[in-house]
Structures are given as C-alpha cells and as structure tokens.
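Please read the structure below before turning to the comments.
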Amino acid sequence: MKKTYLMIFLMMMLVMVGAGCSSDETEMKAQAGGKVELTVSAAVSLQDALNDIKKSFEKENANVEVHYNFGASGALQQQISQGAPVDLFFSAAEDKFDKLVEEDLIEEKNGIDLVGNDLVLVVPKDSKKEIRSLEDLTKAAKISIGTPESVPAGQYAKQTLENMNLFKEMEDRLVYAKDVRQVLTYVETGNVDAGLVYKTDALNSSKVEIIAAAQAGLHDSIIYPVGMINNLEHSKEAKLFYDYLQTEASMKIFEKYGFKNLK
C-alpha cells in the first residue's frame, strides 16, 4: 500500500514539475515574441515625415513598435517635465529642448540638431486680397499664427512681425492656433486671410499658396533638435530609433518633405 501511495505521489510531482516547465517555456516564448513599444513626442510639423520613417524603421526592426505623440513643442515639453512616459523628444525649437536639458531629463550627448525649416506666408488659393508680400499683411482682416508661448512657429511669426514693426498694428487681427496645422486649416478654409506656417506644412497643402518666406534675421533660426530621455526602460531600442533618424534614408525622407539637413 505504501509503495502505491509513493508511486502516486511521485507521479503527481512529475506532473507538477512538467506543468511548471511548460508554463515557464510559454512565458519565455511570449516574451521573445513580444514587441518593445517606444513613445516619441514630436512637433506636429514633423508628422508626415516621421510616419514615413516609422514604416521603414519597423520593417527593419520587427521587434520595435513606434508610437507618436504629436503636438506643439511647448506643450510636449511641459508633459515630459511633468513626468509623461516618453522615450524621445523631437522639438521644433531649441529653447523647448534646452529646457529638458536644464532639467536633467536629456543629456546633451544624447541629442542632436537634426533638421531645419523656413517660415512662410500663405493665403487661400482663391484669395482676392492681393497679398503678395509680408508687407501686404496690413491688407488682411484676419491673420493666423500659432500661440507664441507654446507653438514655436507662432514664436517665429511674432518675432517676424515685431522685427517688421507690424506686430502692434496687427495684434487685434491675429487669430491664435494650438499648432501649425491648425493655422494651415484656418487658411485652407478661408477663416482667415493669411497665415504664417512652416514651409514643410505649406508644401503639403493644395489649398494654399505660398506668397513669401520670412528673410533670415527676422526671426530665430528654425532648428529641430531630437534627443533621448534619461533613464529609459528601453534604452537600447530608443538608441536604435535615434540613430535611425540620422541615417541617409531618413534624411532623404525629411528632405522630401522640405526640411533642411543640418547634419
């Protein structure tokens, strides 16, 4: 009888051990087959180029999935400062990026000024306002720019108007937008007579006409820095994407959408 009980006990132990091994193997397989997810907070003006880069990157790196959080650089910077879980920050302005460096959230060695842009004046395609230059903005009843405090394009637009001695005269006619894409929409729909946007956004719209570019010296240089946030959970994969953004293939995509190569 004792032998029978002993044999039953040993069989049960073997079944339990086997089940444990099976469970461990299943878990290991699940982990091996799982994807690492990266979150990239980026200026909305980068949306089209970054979506193309994401496709090519994920084809070459099947174990990594990139998720974007697009918005105004100032708002994104504040989110990161307040602890938002982000792996990389791609800003449309140096000052927003530098703020995170000052807060020890990004190390200088883990960042690079990658691309540049131009600020341009756009009007609706069928405009009858005869706005043919920046000086002609005085003919507009409404002009849209991004909110200067949070939208770099709006900051550059305000600088341009101030340096042309037009800001005070035009201030009551300004329609502020949450980001550069909203400015573009206001112009496309005819809700405003003109807008100041990035050249890259204007080039992708068939509903607006580019009238003029703001000359160098009217505003700060438009530089887009990108960097990795400190203390990443997936630092290896973040570095992989950070490096990929700097490859020749990625730079060609940026240039296709009108960005300047600053490398």
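Residues in the structure tokens are numbered from 1 in each chain, the chains being A, B, ... in the order shown, and ligands are numbered from 1 in the order shown.
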Please build the interface table for stretch 193-246 of chain A against stretch 61-71 of chain A with a cut-off of 12 Å, listing for each qualifying residue the nearest atom pair and the distance in Å to one decimal; count only C-alpha atoms, order rows by chain and increasing number, and write it as a Markdown table.
```
| residue | atom | partner | partner_atom | distance |
| --- | --- | --- | --- | --- |
| A:His234 | CA | A:Val64 | CA | 10.0 |
| A:Ser235 | CA | A:Val64 | CA | 12.0 |
| A:Lys236 | CA | A:Val64 | CA | 10.6 |
| A:Glu237 | CA | A:Val64 | CA | 7.1 |
| A:Ala238 | CA | A:Val64 | CA | 9.3 |
| A:Lys239 | CA | A:Val64 | CA | 11.6 |
| A:Leu240 | CA | A:Asn61 | CA | 9.0 |
| A:Phe241 | CA | A:Val66 | CA | 8.7 |
| A:Tyr242 | CA | A:Val66 | CA | 11.5 |
| A:Tyr244 | CA | A:Asn61 | CA | 10.5 |
```
Quick one: residues within 10 Å of A:Lys139, only C-alpha atoms, excluding same-chain residues fewer than 5 positions away - as an MDAnalysis selection string? chainID A and resid 129:131 193:194
Between A:Glu255, A:Ala43, A:Ile106, A:Asn51, which residue has the minimum interatomic distance to A:Val151, considering only C-alpha atoms?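 Among A:Glu255, A:Ala43, A:Ile106, A:Asn51, it is A:Ala43 that comes nearest to A:Val151.
Among the candidates A:His219, A:Lys35, A:Lys199, A:Lys54, the one nearest to A:Asp118 when counting only C-alpha atoms is A:Lys199.
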Could you tell me how far atom CA of A:Ser127 sits from atom CA of A:Glu188, in Å to one decimal place? 10.3 Å
Please run DSSP on the backbone and report, as a PyMOL selection string, all residues within stretch 25-208 of chain A that come out as alpha helix (DSSP H). chain A and resi 25-33+47-60+73-81+94-102+152-163+167-170+180-188+199-203
Within stretch 202-261 of chain A, find each residue whose DSSP state, derived from the backbone, is strand (DSSP E), and express the selection as a ChimeraX atom specification. /A:208-213,223-229,260-261
Using Å and a single decimal, report how far atom CA of A:Gln246 sits from atom CA of A:Asp220.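 We find that atom CA of A:Asp220 and atom CA of A:Gln246 lie 23.5 Å from each other.
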Near-A:Ser221 list (10 Å; only C-alpha atoms; drop same-chain fewer than 3 positions) as an MDAnalysis selection string: chainID A and resid 93:94 116:119 156 216:218 224
Who sits within 7 Å of A:Val226, only C-alpha atoms, same chain under 5 positions skipped, as a list in words: Phe89, Phe90, Ser91, Gly111, Ile112, Asp113 and Leu114 of chain A
Would you export the selected residues with N, CA and C atoms as an mmCIF file, in the first residue's frame, please?
```cif
data_model
loop_
_atom_site.group_PDB
_atom_site.id
_atom_site.type_symbol
_atom_site.label_atom_id
_atom_site.label_comp_id
_atom_site.auth_asym_id
_atom_site.auth_seq_id
_atom_site.Cartn_x
_atom_site.Cartn_y
_atom_site.Cartn_z
ATOM 1 N N PHE A 89 12.257 62.943 -27.606
ATOM 2 C CA PHE A 89 11.596 64.225 -27.833
ATOM 3 C C PHE A 89 12.188 64.857 -29.076
ATOM 4 N N PHE A 90 11.319 65.227 -30.035
ATOM 5 C CA PHE A 90 11.728 65.842 -31.303
ATOM 6 C C PHE A 90 11.034 67.198 -31.375
ATOM 7 N N SER A 91 11.763 68.244 -31.052
ATOM 8 C CA SER A 91 11.193 69.575 -30.898
ATOM 9 C C SER A 91 11.357 70.422 -32.148
ATOM 10 N N GLY A 111 21.564 64.143 -27.729
ATOM 11 C CA GLY A 111 20.714 64.983 -28.557
ATOM 12 C C GLY A 111 21.485 65.538 -29.743
ATOM 13 N N ILE A 112 20.745 65.920 -30.789
ATOM 14 C CA ILE A 112 21.382 66.468 -31.993
ATOM 15 C C ILE A 112 20.416 67.410 -32.692
ATOM 16 N N ASP A 113 20.941 68.515 -33.256
ATOM 17 C CA ASP A 113 20.149 69.393 -34.118
ATOM 18 C C ASP A 113 20.084 68.717 -35.481
ATOM 19 N N LEU A 114 18.893 68.198 -35.826
ATOM 20 C CA LEU A 114 18.810 67.299 -36.979
ATOM 21 C C LEU A 114 18.359 67.979 -38.268
#
```
One number please: atom CA of A:Asn261 to atom CA of A:Val115, in Å, one decimal.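 Here the two named atoms are 5.0 Å from each other.
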Fewer than 5 positions away in the same chain doesn't count, so skip those; otherwise give me all residues within 9 Å of A:Leu203, counting only C-alpha atoms, as a PyMOL selection string. chain A and resi 198+208-210+257-258
Save the residues we just selected, all heavy atoms, as an mmCIF file, in the first residue's frame?
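Output (result_18.cif):
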```cif
data_model
loop_
_atom_site.group_PDB
_atom_site.id
_atom_site.type_symbol
_atom_site.label_atom_id
_atom_site.label_comp_id
_atom_site.auth_asym_id
_atom_site.auth_seq_id
_atom_site.Cartn_x
_atom_site.Cartn_y
_atom_site.Cartn_z
ATOM 1 N N TYR A 198 5.094 76.799 -41.298
ATOM 2 C CA TYR A 198 6.337 76.233 -41.805
ATOM 3 C C TYR A 198 6.188 75.894 -43.292
ATOM 4 O O TYR A 198 5.115 75.486 -43.752
ATOM 5 C CB TYR A 198 6.696 74.961 -41.039
ATOM 6 C CG TYR A 198 7.105 75.189 -39.615
ATOM 7 C CD1 TYR A 198 6.520 74.450 -38.587
ATOM 8 C CD2 TYR A 198 8.077 76.128 -39.280
ATOM 9 C CE1 TYR A 198 6.890 74.649 -37.266
ATOM 10 C CE2 TYR A 198 8.453 76.329 -37.963
ATOM 11 C CZ TYR A 198 7.848 75.585 -36.960
ATOM 12 O OH TYR A 198 8.214 75.784 -35.655
ATOM 13 N N VAL A 208 -3.565 76.113 -50.409
ATOM 14 C CA VAL A 208 -2.964 77.399 -50.074
ATOM 15 C C VAL A 208 -1.882 77.752 -51.086
ATOM 16 O O VAL A 208 -1.354 76.884 -51.788
ATOM 17 C CB VAL A 208 -2.348 77.395 -48.649
ATOM 18 C CG1 VAL A 208 -3.404 77.048 -47.607
ATOM 19 C CG2 VAL A 208 -1.151 76.458 -48.556
ATOM 20 N N GLU A 209 -1.551 79.016 -51.122
ATOM 21 C CA GLU A 209 -0.471 79.497 -51.984
ATOM 22 C C GLU A 209 0.605 80.127 -51.110
ATOM 23 O O GLU A 209 0.302 80.934 -50.213
ATOM 24 C CB GLU A 209 -1.007 80.549 -52.962
ATOM 25 C CG GLU A 209 0.042 81.105 -53.907
ATOM 26 C CD GLU A 209 -0.509 82.194 -54.817
ATOM 27 O OE1 GLU A 209 -1.729 82.447 -54.784
ATOM 28 O OE2 GLU A 209 0.309 82.797 -55.544
ATOM 29 N N ILE A 210 1.859 79.740 -51.365
ATOM 30 C CA ILE A 210 2.972 80.346 -50.636
ATOM 31 C C ILE A 210 3.310 81.683 -51.298
ATOM 32 O O ILE A 210 3.617 81.739 -52.487
ATOM 33 C CB ILE A 210 4.211 79.427 -50.647
ATOM 34 C CG1 ILE A 210 3.905 78.105 -49.923
ATOM 35 C CG2 ILE A 210 5.396 80.122 -49.978
ATOM 36 C CD1 ILE A 210 5.048 77.099 -49.970
ATOM 37 N N TYR A 257 10.128 66.152 -47.719
ATOM 38 C CA TYR A 257 9.035 66.961 -47.173
ATOM 39 C C TYR A 257 9.435 68.420 -46.957
ATOM 40 O O TYR A 257 8.675 69.190 -46.372
ATOM 41 C CB TYR A 257 8.525 66.341 -45.877
ATOM 42 C CG TYR A 257 7.661 65.123 -46.108
ATOM 43 C CD1 TYR A 257 8.186 63.838 -45.979
ATOM 44 C CD2 TYR A 257 6.329 65.258 -46.491
ATOM 45 C CE1 TYR A 257 7.399 62.714 -46.207
ATOM 46 C CE2 TYR A 257 5.536 64.144 -46.727
ATOM 47 C CZ TYR A 257 6.066 62.874 -46.582
ATOM 48 O OH TYR A 257 5.287 61.764 -46.826
ATOM 49 N N GLY A 258 10.619 68.795 -47.430
ATOM 50 C CA GLY A 258 11.009 70.203 -47.402
ATOM 51 C C GLY A 258 11.904 70.623 -46.246
ATOM 52 O O GLY A 258 12.242 71.808 -46.121
#
```
If you count only C-alpha atoms, the residue of A:Leu184, A:Ile53, A:Leu196, A:Leu262 closest to A:Pro152 turns out to be A:Leu196
